[in-house]
Each structure stands twice: as C-alpha cells, then as structure tokens.
$ cat entry.cif   # mmCIF, C-alpha atoms and all ligand atoms
data_structure
loop_
_atom_site.label_atom_id
_atom_site.label_comp_id
_atom_site.auth_asym_id
_atom_site.auth_seq_id
_atom_site.Cartn_x
_atom_site.Cartn_y
_atom_site.Cartn_z
CA MET Q 23 4.43 -28.81 7.78
CA GLU Q 24 4.99 -27.41 11.23
CA TYR Q 25 3.11 -24.37 12.54
CA VAL Q 26 3.79 -21.58 15.00
CA THR Q 27 1.00 -20.07 17.09
CA LEU Q 28 0.87 -16.28 16.95
CA ASN Q 29 0.12 -14.08 19.99
CA ASN Q 30 -3.58 -13.99 18.99
CA GLY Q 31 -3.88 -17.79 18.69
CA VAL Q 32 -3.73 -17.90 14.86
CA LYS Q 33 -1.64 -20.77 13.49
CA MET Q 34 0.93 -19.85 10.84
CA PRO Q 35 3.00 -22.32 8.77
CA ILE Q 36 6.66 -22.08 9.81
CA GLU Q 37 7.71 -22.28 6.16
CA GLY Q 38 6.23 -20.39 3.25
CA PHE Q 39 7.03 -19.13 -0.21
CA GLY Q 40 8.15 -15.56 -1.08
CA VAL Q 41 7.59 -13.83 -4.40
CA PHE Q 42 9.81 -10.73 -4.24
CA GLN Q 43 11.38 -9.79 -7.59
CA VAL Q 44 8.96 -11.94 -9.59
CA GLN Q 45 7.30 -9.24 -11.67
CA ASP Q 46 6.48 -11.08 -14.89
CA PRO Q 47 2.83 -12.15 -14.37
CA THR Q 48 3.23 -15.48 -16.23
CA VAL Q 49 6.31 -16.40 -14.22
CA GLY Q 50 4.64 -15.26 -10.98
CA GLU Q 51 1.46 -17.26 -11.53
CA GLN Q 52 3.45 -20.36 -12.52
CA ALA Q 53 5.79 -20.01 -9.53
CA VAL Q 54 2.89 -19.79 -7.07
CA THR Q 55 1.10 -22.69 -8.79
CA ASP Q 56 4.27 -24.81 -8.54
CA ALA Q 57 4.81 -23.75 -4.92
CA LEU Q 58 1.27 -24.79 -3.97
CA ASN Q 59 1.68 -28.08 -5.86
CA VAL Q 60 4.90 -28.97 -4.05
CA GLY Q 61 3.28 -28.25 -0.68
CA TYR Q 62 3.71 -24.61 0.34
CA ARG Q 63 0.62 -23.12 1.94
CA LEU Q 64 1.95 -19.71 3.02
CA ILE Q 65 2.46 -17.24 0.18
CA ASP Q 66 4.25 -13.95 0.95
CA THR Q 67 3.59 -11.07 -1.45
CA ALA Q 68 3.34 -7.27 -1.17
CA ALA Q 69 1.72 -4.37 -2.98
CA ALA Q 70 5.24 -3.19 -3.84
CA TYR Q 71 6.11 -6.51 -5.55
CA PHE Q 72 3.61 -5.81 -8.35
CA ASN Q 73 2.49 -9.43 -8.37
CA GLU Q 74 -0.61 -9.59 -6.16
CA GLU Q 75 -2.71 -10.22 -9.29
CA ALA Q 76 -0.47 -13.07 -10.42
CA VAL Q 77 -0.65 -14.58 -6.92
CA GLY Q 78 -4.44 -14.16 -7.02
CA ALA Q 79 -4.65 -15.89 -10.41
CA ALA Q 80 -2.70 -18.89 -9.09
CA LEU Q 81 -4.90 -19.06 -5.96
CA LYS Q 82 -8.04 -18.93 -8.07
CA LYS Q 83 -6.85 -21.87 -10.19
CA SER Q 84 -5.90 -23.95 -7.17
CA ASP Q 85 -8.40 -26.27 -5.50
CA ILE Q 86 -6.79 -25.95 -2.07
CA PRO Q 87 -9.46 -24.86 0.45
CA ARG Q 88 -9.07 -21.21 1.45
CA GLN Q 89 -8.78 -22.09 5.14
CA ASP Q 90 -5.69 -24.22 4.39
CA LEU Q 91 -3.89 -21.25 2.81
CA PHE Q 92 -2.04 -18.49 4.65
CA ILE Q 93 -1.75 -15.37 2.50
CA THR Q 94 0.46 -12.45 3.49
CA THR Q 95 0.60 -9.08 1.80
CA LYS Q 96 2.09 -5.74 2.79
CA LEU Q 97 1.27 -2.05 2.91
CA TRP Q 98 3.78 0.17 1.11
CA VAL Q 99 5.24 3.44 2.53
CA GLN Q 100 3.43 5.59 -0.04
CA ASP Q 101 0.13 4.31 1.38
CA ALA Q 102 0.97 4.98 5.03
CA GLY Q 103 -1.63 6.78 7.16
CA TYR Q 104 -5.14 5.89 8.30
CA GLU Q 105 -7.18 6.67 5.15
CA ASN Q 106 -4.52 5.57 2.67
CA ALA Q 107 -3.97 2.28 4.45
CA LYS Q 108 -7.68 1.42 4.35
CA LYS Q 109 -7.76 2.14 0.61
CA ALA Q 110 -4.54 0.23 -0.09
CA PHE Q 111 -5.81 -2.79 1.86
CA GLN Q 112 -8.96 -2.89 -0.26
CA THR Q 113 -6.87 -2.68 -3.45
CA SER Q 114 -4.68 -5.59 -2.31
CA LEU Q 115 -7.74 -7.65 -1.43
CA GLU Q 116 -9.21 -7.06 -4.89
CA LYS Q 117 -5.95 -7.81 -6.71
CA LEU Q 118 -5.58 -11.04 -4.77
CA GLY Q 119 -9.25 -11.92 -5.34
CA LEU Q 120 -9.73 -12.65 -1.64
CA ASP Q 121 -12.23 -11.56 0.98
CA TYR Q 122 -9.76 -11.66 3.85
CA ILE Q 123 -5.97 -11.65 4.34
CA ASP Q 124 -4.26 -13.95 6.82
CA LEU Q 125 -1.40 -11.58 7.62
CA TYR Q 126 -1.17 -7.90 6.69
CA LEU Q 127 2.18 -6.25 7.34
CA ILE Q 128 3.50 -2.70 7.37
CA HIS Q 129 6.29 -3.10 4.81
CA GLN Q 130 8.71 -0.48 6.10
CA PRO Q 131 9.09 1.49 9.35
CA PHE Q 132 8.65 4.83 7.55
CA GLY Q 133 5.86 7.34 6.95
CA ASP Q 134 2.79 7.63 9.16
CA TYR Q 135 2.81 4.03 10.29
CA TYR Q 136 0.88 4.79 13.47
CA GLY Q 137 -2.00 5.96 11.26
CA SER Q 138 -1.63 2.76 9.24
CA TRP Q 139 -1.63 0.71 12.42
CA ARG Q 140 -4.94 2.23 13.61
CA ALA Q 141 -6.51 1.33 10.24
CA MET Q 142 -5.10 -2.19 10.46
CA GLU Q 143 -6.39 -2.62 14.02
CA GLU Q 144 -9.87 -1.75 12.77
CA LEU Q 145 -9.64 -4.08 9.75
CA TYR Q 146 -8.47 -6.81 12.11
CA SER Q 147 -11.37 -6.19 14.48
CA GLU Q 148 -13.78 -6.35 11.53
CA GLY Q 149 -12.40 -9.81 10.64
CA LYS Q 150 -10.84 -8.73 7.33
CA ILE Q 151 -7.34 -9.65 8.52
CA ARG Q 152 -6.49 -12.63 10.77
CA ALA Q 153 -3.22 -11.17 12.05
CA ILE Q 154 -1.44 -7.83 11.72
CA GLY Q 155 2.27 -7.17 11.87
CA VAL Q 156 5.26 -5.23 10.66
CA CYS Q 157 8.47 -5.65 8.66
CA ASN Q 158 11.91 -4.24 9.23
CA PHE Q 159 11.04 -2.85 12.66
CA TYR Q 160 14.31 -2.75 14.53
CA PRO Q 161 14.22 -3.24 18.31
CA GLU Q 162 13.48 0.32 19.45
CA ARG Q 163 10.73 0.88 16.86
CA LEU Q 164 9.17 -2.47 17.61
CA ALA Q 165 9.25 -1.82 21.35
CA ASP Q 166 7.66 1.61 20.84
CA LEU Q 167 4.86 0.19 18.68
CA CYS Q 168 4.23 -2.63 21.17
CA GLU Q 169 4.08 -0.11 24.04
CA ASN Q 170 1.53 2.08 22.21
CA ALA Q 171 -0.61 -0.26 20.08
CA LYS Q 172 -4.10 -1.35 21.14
CA ILE Q 173 -3.50 -4.62 19.28
CA PRO Q 174 0.17 -5.63 19.41
CA PRO Q 175 1.92 -6.78 16.22
CA ALA Q 176 1.82 -10.56 15.79
CA VAL Q 177 4.80 -10.80 13.40
CA ASN Q 178 7.95 -8.84 12.56
CA GLN Q 179 9.43 -9.84 9.19
CA VAL Q 180 13.12 -8.89 9.07
CA GLU Q 181 16.27 -10.00 7.30
CA LEU Q 182 17.46 -13.15 9.08
CA HIS Q 183 20.02 -15.66 7.83
CA PRO Q 184 23.28 -17.15 9.12
CA PHE Q 185 25.27 -14.07 8.06
CA PHE Q 186 22.86 -11.66 9.78
CA ALA Q 187 21.53 -13.62 12.72
CA GLN Q 188 20.13 -10.71 14.80
CA ALA Q 189 20.14 -12.58 18.12
CA GLU Q 190 19.32 -9.44 20.14
CA ALA Q 191 16.42 -8.51 17.86
CA LEU Q 192 15.01 -12.01 18.36
CA ASP Q 193 15.28 -11.57 22.15
CA ASN Q 194 13.36 -8.29 21.87
CA MET Q 195 10.63 -9.96 19.76
CA LYS Q 196 10.41 -12.77 22.29
CA GLU Q 197 9.94 -10.27 25.11
CA TYR Q 198 7.02 -8.69 23.25
CA LYS Q 199 5.62 -12.06 22.00
CA VAL Q 200 6.14 -11.03 18.37
CA GLN Q 201 6.81 -13.92 15.97
CA PRO Q 202 10.03 -13.42 13.94
CA GLU Q 203 9.78 -14.14 10.22
CA ALA Q 204 12.88 -14.22 8.01
CA TRP Q 205 13.07 -12.40 4.74
CA GLY Q 206 16.11 -13.29 2.67
CA PRO Q 207 16.51 -16.58 4.55
CA LEU Q 208 18.98 -17.60 1.82
CA ALA Q 209 20.75 -14.22 2.09
CA GLU Q 210 19.41 -13.53 -1.42
CA GLY Q 211 22.25 -15.77 -2.64
CA ASN Q 212 25.01 -13.61 -1.11
CA HIS Q 213 27.98 -14.81 0.95
CA ASN Q 214 28.47 -17.82 -1.35
CA ILE Q 215 25.64 -19.38 0.69
CA PHE Q 216 24.79 -22.20 -1.71
CA SER Q 217 28.30 -23.64 -1.60
CA HIS Q 218 29.45 -22.25 1.72
CA PRO Q 219 32.05 -24.68 3.15
CA ILE Q 220 30.63 -24.82 6.70
CA LEU Q 221 26.99 -25.13 5.65
CA SER Q 222 27.90 -27.71 2.98
CA GLN Q 223 30.02 -29.73 5.39
CA ILE Q 224 27.24 -29.86 8.00
CA GLY Q 225 24.75 -30.75 5.25
CA LYS Q 226 26.85 -33.67 4.01
CA LYS Q 227 26.28 -35.49 7.30
CA TYR Q 228 22.50 -35.44 6.71
CA GLY Q 229 22.45 -35.68 2.90
CA LYS Q 230 21.30 -32.03 2.74
CA THR Q 231 22.45 -28.97 0.79
CA ALA Q 232 23.90 -25.78 2.25
CA ALA Q 233 20.55 -24.04 1.50
CA GLN Q 234 18.63 -26.68 3.45
CA VAL Q 235 20.99 -26.33 6.42
CA ALA Q 236 20.61 -22.52 6.43
CA LEU Q 237 16.80 -22.81 6.32
CA ARG Q 238 16.67 -25.49 8.98
CA TRP Q 239 18.90 -23.40 11.28
CA ASN Q 240 16.40 -20.53 11.24
CA THR Q 241 13.38 -22.76 11.90
CA GLN Q 242 15.19 -24.43 14.81
CA ARG Q 243 15.54 -20.92 16.30
CA GLY Q 244 11.74 -20.61 16.01
CA VAL Q 245 11.88 -18.31 12.97
CA VAL Q 246 9.31 -18.54 10.14
CA ILE Q 247 11.03 -18.71 6.72
CA ILE Q 248 9.80 -17.73 3.25
CA PRO Q 249 12.48 -18.69 0.70
CA LYS Q 250 11.86 -17.59 -2.89
CA SER Q 251 12.62 -19.51 -6.05
CA THR Q 252 11.17 -19.63 -9.53
CA HIS Q 253 12.61 -23.15 -10.01
CA ARG Q 254 10.36 -26.01 -8.98
CA GLU Q 255 13.24 -28.32 -7.97
CA ARG Q 256 14.61 -25.60 -5.66
CA MET Q 257 11.14 -25.04 -4.17
CA GLU Q 258 11.12 -28.78 -3.35
CA GLU Q 259 14.66 -28.67 -2.02
CA ASN Q 260 13.84 -25.72 0.24
CA LEU Q 261 10.76 -27.48 1.61
CA ASN Q 262 12.60 -30.73 2.25
CA ILE Q 263 14.03 -29.78 5.64
CA TRP Q 264 11.67 -31.55 8.00
CA ASP Q 265 13.41 -34.94 8.27
CA PHE Q 266 16.61 -33.90 10.05
CA SER Q 267 17.72 -31.81 13.03
CA LEU Q 268 20.86 -29.83 13.63
CA SER Q 269 22.71 -30.48 16.89
CA GLN Q 270 23.31 -27.62 19.35
CA GLU Q 271 26.99 -27.61 18.31
CA GLU Q 272 25.99 -27.25 14.65
CA MET Q 273 23.49 -24.49 15.49
CA ASP Q 274 26.26 -22.62 17.36
CA GLU Q 275 28.76 -23.13 14.55
CA ILE Q 276 26.31 -21.64 12.03
CA SER Q 277 25.54 -18.72 14.36
CA LYS Q 278 29.27 -17.85 14.28
CA LEU Q 279 28.92 -16.95 10.57
CA ASP Q 280 27.08 -13.79 11.65
CA ILE Q 281 28.82 -10.61 10.45
CA GLY Q 282 26.54 -8.42 12.59
CA HIS Q 283 25.10 -6.20 9.87
CA SER Q 284 23.12 -6.41 6.65
CA GLU Q 285 24.85 -6.24 3.31
CA ILE Q 286 21.46 -5.84 1.58
CA VAL Q 287 19.82 -2.83 3.25
CA ASP Q 288 20.58 -0.71 6.32
CA HIS Q 289 17.31 0.46 7.87
CA SER Q 290 19.10 2.70 10.35
CA SER Q 291 20.57 4.83 7.55
CA PRO Q 292 18.91 8.18 6.66
CA LYS Q 293 19.66 7.34 3.02
CA THR Q 294 17.42 4.27 3.28
CA ALA Q 295 14.62 6.36 4.83
CA LYS Q 296 14.89 8.86 1.99
CA TRP Q 297 15.10 6.18 -0.69
CA LEU Q 298 12.10 4.18 0.56
CA ASN Q 299 9.96 7.28 1.21
CA GLY Q 300 10.59 8.28 -2.40
CA TRP Q 301 9.71 4.86 -3.89
CA LYS Q 302 6.28 5.20 -5.50
CA ILE Q 303 4.20 2.20 -6.53
CA HIS Q 304 1.29 4.15 -8.00
CA GLU Q 305 0.42 7.73 -8.99
N1 LIG Q 401 9.64 -7.40 4.12
C1 LIG Q 401 10.68 -7.11 3.37
O1 LIG Q 401 11.21 -5.98 3.41
C2 LIG Q 401 11.24 -8.15 2.46
C3 LIG Q 401 12.47 -7.93 1.81
C4 LIG Q 401 12.96 -8.94 0.97
C5 LIG Q 401 12.25 -10.12 0.82
N2 LIG Q 401 11.04 -10.32 1.47
C6 LIG Q 401 10.27 -11.58 1.33
O2 LIG Q 401 11.13 -12.67 1.66
C7 LIG Q 401 11.16 -13.59 0.57
C8 LIG Q 401 12.49 -14.30 0.50
O3 LIG Q 401 13.56 -13.38 0.40
P1 LIG Q 401 14.31 -13.06 -0.97
O4 LIG Q 401 13.48 -13.45 -2.12
O5 LIG Q 401 14.72 -11.64 -0.89
O6 LIG Q 401 15.65 -13.93 -0.91
P2 LIG Q 401 16.00 -15.46 -0.59
O7 LIG Q 401 14.79 -16.30 -0.47
O8 LIG Q 401 16.98 -15.43 0.52
O9 LIG Q 401 16.84 -15.87 -1.89
C9 LIG Q 401 16.26 -15.97 -3.15
C10 LIG Q 401 17.36 -16.27 -4.15
O10 LIG Q 401 17.93 -17.56 -3.92
C11 LIG Q 401 17.80 -18.39 -5.08
N3 LIG Q 401 17.50 -19.74 -4.57
C12 LIG Q 401 16.41 -20.11 -3.84
N4 LIG Q 401 16.52 -21.39 -3.45
C13 LIG Q 401 17.69 -21.84 -3.95
C14 LIG Q 401 18.36 -23.10 -3.86
N5 LIG Q 401 17.83 -24.11 -3.18
N6 LIG Q 401 19.56 -23.23 -4.50
C15 LIG Q 401 20.11 -22.19 -5.19
N7 LIG Q 401 19.51 -20.97 -5.31
C16 LIG Q 401 18.31 -20.81 -4.67
C17 LIG Q 401 16.69 -17.78 -5.89
O11 LIG Q 401 16.91 -18.01 -7.28
P3 LIG Q 401 15.78 -18.59 -8.28
O12 LIG Q 401 14.50 -17.84 -8.04
O13 LIG Q 401 16.38 -18.31 -9.63
O14 LIG Q 401 15.68 -20.05 -7.98
C18 LIG Q 401 16.85 -16.29 -5.58
O15 LIG Q 401 17.87 -15.73 -6.39
C19 LIG Q 401 10.86 -12.68 -0.64
O16 LIG Q 401 10.52 -13.40 -1.81
C20 LIG Q 401 9.76 -11.82 -0.08
O17 LIG Q 401 8.54 -12.51 -0.08
C21 LIG Q 401 10.56 -9.33 2.28
#
$ encode --input "entry.cif" --output "structure tokens" --more "lines below"
Ligand SMILES: NC(=O)c1ccc[n+]([C@@H]2O[C@H](COP(=O)([O-])OP(=O)(O)OC[C@H]3O[C@@H](n4cnc5c(N)ncnc54)[C@H](OP(=O)(O)O)[C@@H]3O)[C@@H](O)[C@H]2O)c1
Amino acid sequence: MEYVTLNNGVKMPIEGFGVFQVQDPTVGEQAVTDALNVGYRLIDTAAAYFNEEAVGAALKKSDIPRQDLFITTKLWVQDAGYENAKKAFQTSLEKLGLDYIDLYLIHQPFGDYYGSWRAMEELYSEGKIRAIGVCNFYPERLADLCENAKIPPAVNQVELHPFFAQAEALDNMKEYKVQPEAWGPLAEGNHNIFSHPILSQIGKKYGKTAAQVALRWNTQRGVVIIPKSTHRERMEENLNIWDFSLSQEEMDEISKLDIGHSEIVDHSSPKTAKWLNGWKIHE
C-alpha cells in the first residue's frame, strides 16, 4: 500500500474502502471484514450512511492493530454548528467503538459549517481526531475556508473519476495543500465504466480491467481513492492496481473522457442545497 502525507504530517493510505449504500448491518459488517482481510486499511463511513455500528463491529472482531487502521467518518448537515458537531462526533465515536478518529470530514458544504469547523479544530487539538477535512467543497468554498480556518482542512473528498476529472479543482486543492480524495472513483457504475472501450483497451495491455485502469489513473494524479463493493472478488480486483503504471499518453487519453460536470449530484444547484438541508438522519 502506498501512502500520502497530509498537510499536518499524518500518513493516509492512498487507497481505502467506502461503505456508502451498505445499510444492512450484516452485509456491512461482512463487507468491512472482507475488506480488512483482503488488505484495505482505510475505511470510509459517515453518520449519514447508517452503518457506523456495523463498521465498528467489524473493527472490533479484527485483530489488526488500531494504529494500522485509518478510519474516516463524516458530520451530517443536520448536525452542523459548534454544539451539534461536538455531540455528533461523540455519537460517531461511540457507534464505531473507537476512542479517536483518523479523519473527520464535514459531509456537505451546507448549514453552519464554520461552527462545525471550530468544534472540529478543538477536537483535533485535544487529540480526538488525527486530521480534519471537508467533502464536496467546490473551489470557492474551499478557498474561503482555507483563508479563514485556524487549522486548514487536510482533505477534500469530492466526486472524481475519468468522466468528472475536475482538473481545476485539483489545482485549487494543490495551492492550499489540501489532499484530494475521490468519492465515486468508479463513477458509481455510470458511463458504462466497467466495459468502457478506452479503459478496457488500455487495461488489456497490462492484463487489467477497466475498473483497475480508472482507479490507477486517479492515484497517479495523486488522488486518494475509496472504491466500494460488497463483493470480495471485486474488493481484491480494486486493490490490485499497484503492479502497473499508466504512461503519460494513457493518462491524457483517459483525462479526455471528462464531460466537465457531475451526472450524480450538482452541488452548485439551489435544489441540492434544499434537498441536503432537508435530509434528516435522526429526530
Ligand atoms: N462524501 C460524499 O459526499 C460521498 C458521496 C458518495 C460516496 N462517498 C464515499 O465514496 C465511496 C465510493 O463511492 P461510491 O460507493 O459512491 O461509488 P463507486 O465506488 O464509484 O462505485 C460503487 C459501485 O461499483 C460497483 N463495483 C465496485 N467495484 C467493481 C468492480 N471491480 N467491477 C464491477 N463493479 C464494481 C459496486 O457494486 P457492488 O457493491 O455490488 O460490488 C457499486 O455498485 C463510498 O462508498 C463512500 O464511502 C462519499
């Protein structure tokens, strides 16, 4: 496994395992157990995924030393604000059965996220979180947070895959020393990604699948990836990308697949702001 070093010196695996849309607790626990067994050490969950307990159960069963794991969870919009964020963090910690979190992220750029950030800065300073960051912060919001935060975000987790490459957003993150992390690195299965002719053709040369080529492309751009699968053989496939390299020509060819916008969610739309502000995860 390769690692990236965050702006506070913390080392983060460049590939991890995501558990979005895995709500059944038995399936979730088994998926995380399988992921740990095949070699993943970074697990990416969120309060809004309703599976922190299942992740915690799998971690408890595992004999991997805590310091070898890198656990990410996220603060939901409903819990934005200083007091709420502190409470929500404690709830996540308890559900996961942990006494610290490696990476705590603001899940969406909505609500009182400056209040949340102040709470997260304090939790970080108290040693309860090893790194703090954000998700879905588009360039102007990220720049604003970086200009105003006491502790700058270490990570920005955004949608990044060959069909939504976000080259300018990556430049902005680089300027502010914020590590990019890809959600939906397999485009959530859209764009015919698993049998895409260009990705498949490039993969053939190396004995790799289209999925492996798409994942490798992101890591070669310095992006952390967290593909999700509930199938063990796919977890292995997605992790088996460390014995080949794409040439610059191949990297450029894949970058040309970019359509310049998301077909999953548009964070610049007022409808998205309304929808996500209204999404409740507890009473
Ligand atoms: N911060 C955010 O706002 C945000 C948003 C979305 C996601 N995320 C995080 O990012 C993680 C990854 O994103 P994602 O889950 O949305 O999408 P993804 O990883 O791009 O795609 C997952 C889909 O691809 C399938 N799949 C995985 N590997 C495959 C392979 N080798 N061959 C064929 N199919 C394969 C999975 O099916 P099976 O499970 O059936 O194998 C699943 O349907 C999430 O789990 C979550 O942790 C964060």
$ atom_distance --input "entry.cif" --atom1 "CA of Phe42 in chain Q" --atom2 "CA of Asp166 in chain Q"
28.0 Å
$ closest_atom_pairs --input "entry.cif" --of "range 84-142 of chain Q" --to "range 168-186 of chain Q" --cutoff "12 Å" --atoms "all atoms listed in the file" --output "CSV"
residue,atom,partner,partner_atom,distance
Q:Thr94,CA,Q:Gln179,CA,10.9
Q:Thr95,CA,Q:Gln179,CA,11.5
Q:Lys96,CA,Q:Gln179,CA,10.6
Q:Asp124,CA,Q:Ala176,CA,11.4
Q:Leu125,CA,Q:Val177,CA,8.5
Q:Tyr126,CA,Q:Val177,CA,9.4
Q:Leu127,CA,Q:Val177,CA,8.0
Q:Ile128,CA,Q:Asn178,CA,9.2
Q:His129,CA,Q:Gln179,CA,8.6
Q:Gln130,CA,Q:Gln179,CA,9.9
Q:Pro131,CA,Q:Asn178,CA,10.9
Q:Tyr135,CA,Q:Ala171,CA,11.2
Q:Tyr136,CA,Q:Ala171,CA,8.5
Q:Gly137,CA,Q:Ala171,CA,10.9
Q:Ser138,CA,Q:Ala171,CA,11.3
Q:Trp139,CA,Q:Ala171,CA,7.8
Q:Arg140,CA,Q:Ala171,CA,8.2
Q:Ala141,CA,Q:Ile173,CA,11.2
Q:Met142,CA,Q:Ile173,CA,9.3
$ atom_distance --input "entry.cif" --atom1 "CA of Glu255 in chain Q" --atom2 "atom C14 of ligand LIG 401 (chain Q)"
8.4 Å
$ atom_distance --input "entry.cif" --atom1 "CA of Gly211 in chain Q" --atom2 "CA of Val49 in chain Q"
19.7 Å
$ residues_near_ligand --input "entry.cif" --ligand "ligand LIG 401 (chain Q)" --cutoff "6 Å" --atoms "only C-alpha atoms and all ligand atoms" --output "list of chain:residue names"
Q:Gly40, Q:Val41, Q:Phe42, Q:Asp66, Q:Thr67, Q:His129, Q:Cys157, Q:Gln179, Q:Trp205, Q:Gly206, Q:Pro207, Q:Leu208, Q:Ala209, Q:Glu210, Q:Gly211, Q:Phe216, Q:Ala233, Q:Ile248, Q:Pro249, Q:Lys250, Q:Ser251, Q:Thr252, Q:His253, Q:Arg256, Q:Glu259, Q:Asn260
$ residues_around --input "entry.cif" --residues "Gly149 in chain Q" --least-positions-apart "4" --cutoff "10 Å" --atoms "all atoms listed in the file" --output "list in words"
Asp121, Tyr122, Ile123, Asp124, Glu143, Glu144, Leu145 and Ala153 of chain Q
$ residues_around --input "entry.cif" --residues "Asn194 in chain Q" --least-positions-apart "6" --cutoff "12 Å" --atoms "all atoms listed in the file" --output "list in words"
Phe159, Tyr160, Pro161, Glu162, Arg163, Leu164, Ala165, Asp166, Cys168, Asn178, Gln188, Val200, Gln201 and Pro202 of chain Q
$ build_atoms --input "entry.cif" --residues "range 129-147 of chain Q" --atoms "N, CA and C atoms" --output "PDB file, in the frame of the given file"
ATOM      1  N   HIS Q 129       5.103  -2.618   5.531  1.00  0.00           N
ATOM      2  CA  HIS Q 129       6.290  -3.100   4.810  1.00  0.00           C
ATOM      3  C   HIS Q 129       7.590  -2.467   5.294  1.00  0.00           C
ATOM      4  N   GLN Q 130       7.496  -1.193   5.691  1.00  0.00           N
ATOM      5  CA  GLN Q 130       8.710  -0.480   6.100  1.00  0.00           C
ATOM      6  C   GLN Q 130       8.382   0.448   7.261  1.00  0.00           C
ATOM      7  N   PRO Q 131       9.350   0.651   8.168  1.00  0.00           N
ATOM      8  CA  PRO Q 131       9.090   1.490   9.350  1.00  0.00           C
ATOM      9  C   PRO Q 131       9.199   2.986   9.050  1.00  0.00           C
ATOM     10  N   PHE Q 132       8.561   3.425   7.965  1.00  0.00           N
ATOM     11  CA  PHE Q 132       8.650   4.830   7.550  1.00  0.00           C
ATOM     12  C   PHE Q 132       7.260   5.372   7.227  1.00  0.00           C
ATOM     13  N   GLY Q 133       7.161   6.708   7.220  1.00  0.00           N
ATOM     14  CA  GLY Q 133       5.860   7.340   6.950  1.00  0.00           C
ATOM     15  C   GLY Q 133       4.987   7.253   8.196  1.00  0.00           C
ATOM     16  N   ASP Q 134       3.714   7.584   8.023  1.00  0.00           N
ATOM     17  CA  ASP Q 134       2.790   7.630   9.160  1.00  0.00           C
ATOM     18  C   ASP Q 134       2.301   6.215   9.490  1.00  0.00           C
ATOM     19  N   TYR Q 135       3.206   5.425  10.040  1.00  0.00           N
ATOM     20  CA  TYR Q 135       2.810   4.030  10.290  1.00  0.00           C
ATOM     21  C   TYR Q 135       1.910   3.875  11.506  1.00  0.00           C
ATOM     22  N   TYR Q 136       1.867   4.874  12.381  1.00  0.00           N
ATOM     23  CA  TYR Q 136       0.880   4.790  13.470  1.00  0.00           C
ATOM     24  C   TYR Q 136      -0.547   4.951  12.928  1.00  0.00           C
ATOM     25  N   GLY Q 137      -0.694   5.837  11.918  1.00  0.00           N
ATOM     26  CA  GLY Q 137      -2.000   5.960  11.260  1.00  0.00           C
ATOM     27  C   GLY Q 137      -2.368   4.649  10.582  1.00  0.00           C
ATOM     28  N   SER Q 138      -1.408   4.058   9.898  1.00  0.00           N
ATOM     29  CA  SER Q 138      -1.630   2.760   9.240  1.00  0.00           C
ATOM     30  C   SER Q 138      -2.059   1.718  10.275  1.00  0.00           C
ATOM     31  N   TRP Q 139      -1.354   1.738  11.409  1.00  0.00           N
ATOM     32  CA  TRP Q 139      -1.630   0.710  12.420  1.00  0.00           C
ATOM     33  C   TRP Q 139      -3.073   0.813  12.940  1.00  0.00           C
ATOM     34  N   ARG Q 140      -3.553   2.065  13.134  1.00  0.00           N
ATOM     35  CA  ARG Q 140      -4.940   2.230  13.610  1.00  0.00           C
ATOM     36  C   ARG Q 140      -5.926   1.655  12.588  1.00  0.00           C
ATOM     37  N   ALA Q 141      -5.644   1.892  11.295  1.00  0.00           N
ATOM     38  CA  ALA Q 141      -6.510   1.330  10.240  1.00  0.00           C
ATOM     39  C   ALA Q 141      -6.446  -0.193  10.273  1.00  0.00           C
ATOM     40  N   MET Q 142      -5.262  -0.727  10.447  1.00  0.00           N
ATOM     41  CA  MET Q 142      -5.100  -2.190  10.460  1.00  0.00           C
ATOM     42  C   MET Q 142      -5.766  -2.815  11.686  1.00  0.00           C
ATOM     43  N   GLU Q 143      -5.699  -2.115  12.819  1.00  0.00           N
ATOM     44  CA  GLU Q 143      -6.390  -2.620  14.020  1.00  0.00           C
ATOM     45  C   GLU Q 143      -7.895  -2.722  13.751  1.00  0.00           C
ATOM     46  N   GLU Q 144      -8.427  -1.715  13.065  1.00  0.00           N
ATOM     47  CA  GLU Q 144      -9.870  -1.750  12.770  1.00  0.00           C
ATOM     48  C   GLU Q 144     -10.203  -2.884  11.799  1.00  0.00           C
ATOM     49  N   LEU Q 145      -9.390  -3.020  10.732  1.00  0.00           N
ATOM     50  CA  LEU Q 145      -9.640  -4.080   9.750  1.00  0.00           C
ATOM     51  C   LEU Q 145      -9.546  -5.467  10.408  1.00  0.00           C
ATOM     52  N   TYR Q 146      -8.617  -5.564  11.344  1.00  0.00           N
ATOM     53  CA  TYR Q 146      -8.470  -6.810  12.110  1.00  0.00           C
ATOM     54  C   TYR Q 146      -9.727  -7.075  12.954  1.00  0.00           C
ATOM     55  N   SER Q 147     -10.182  -6.040  13.624  1.00  0.00           N
ATOM     56  CA  SER Q 147     -11.370  -6.190  14.480  1.00  0.00           C
ATOM     57  C   SER Q 147     -12.609  -6.518  13.673  1.00  0.00           C
TER      58      SER Q 147
END
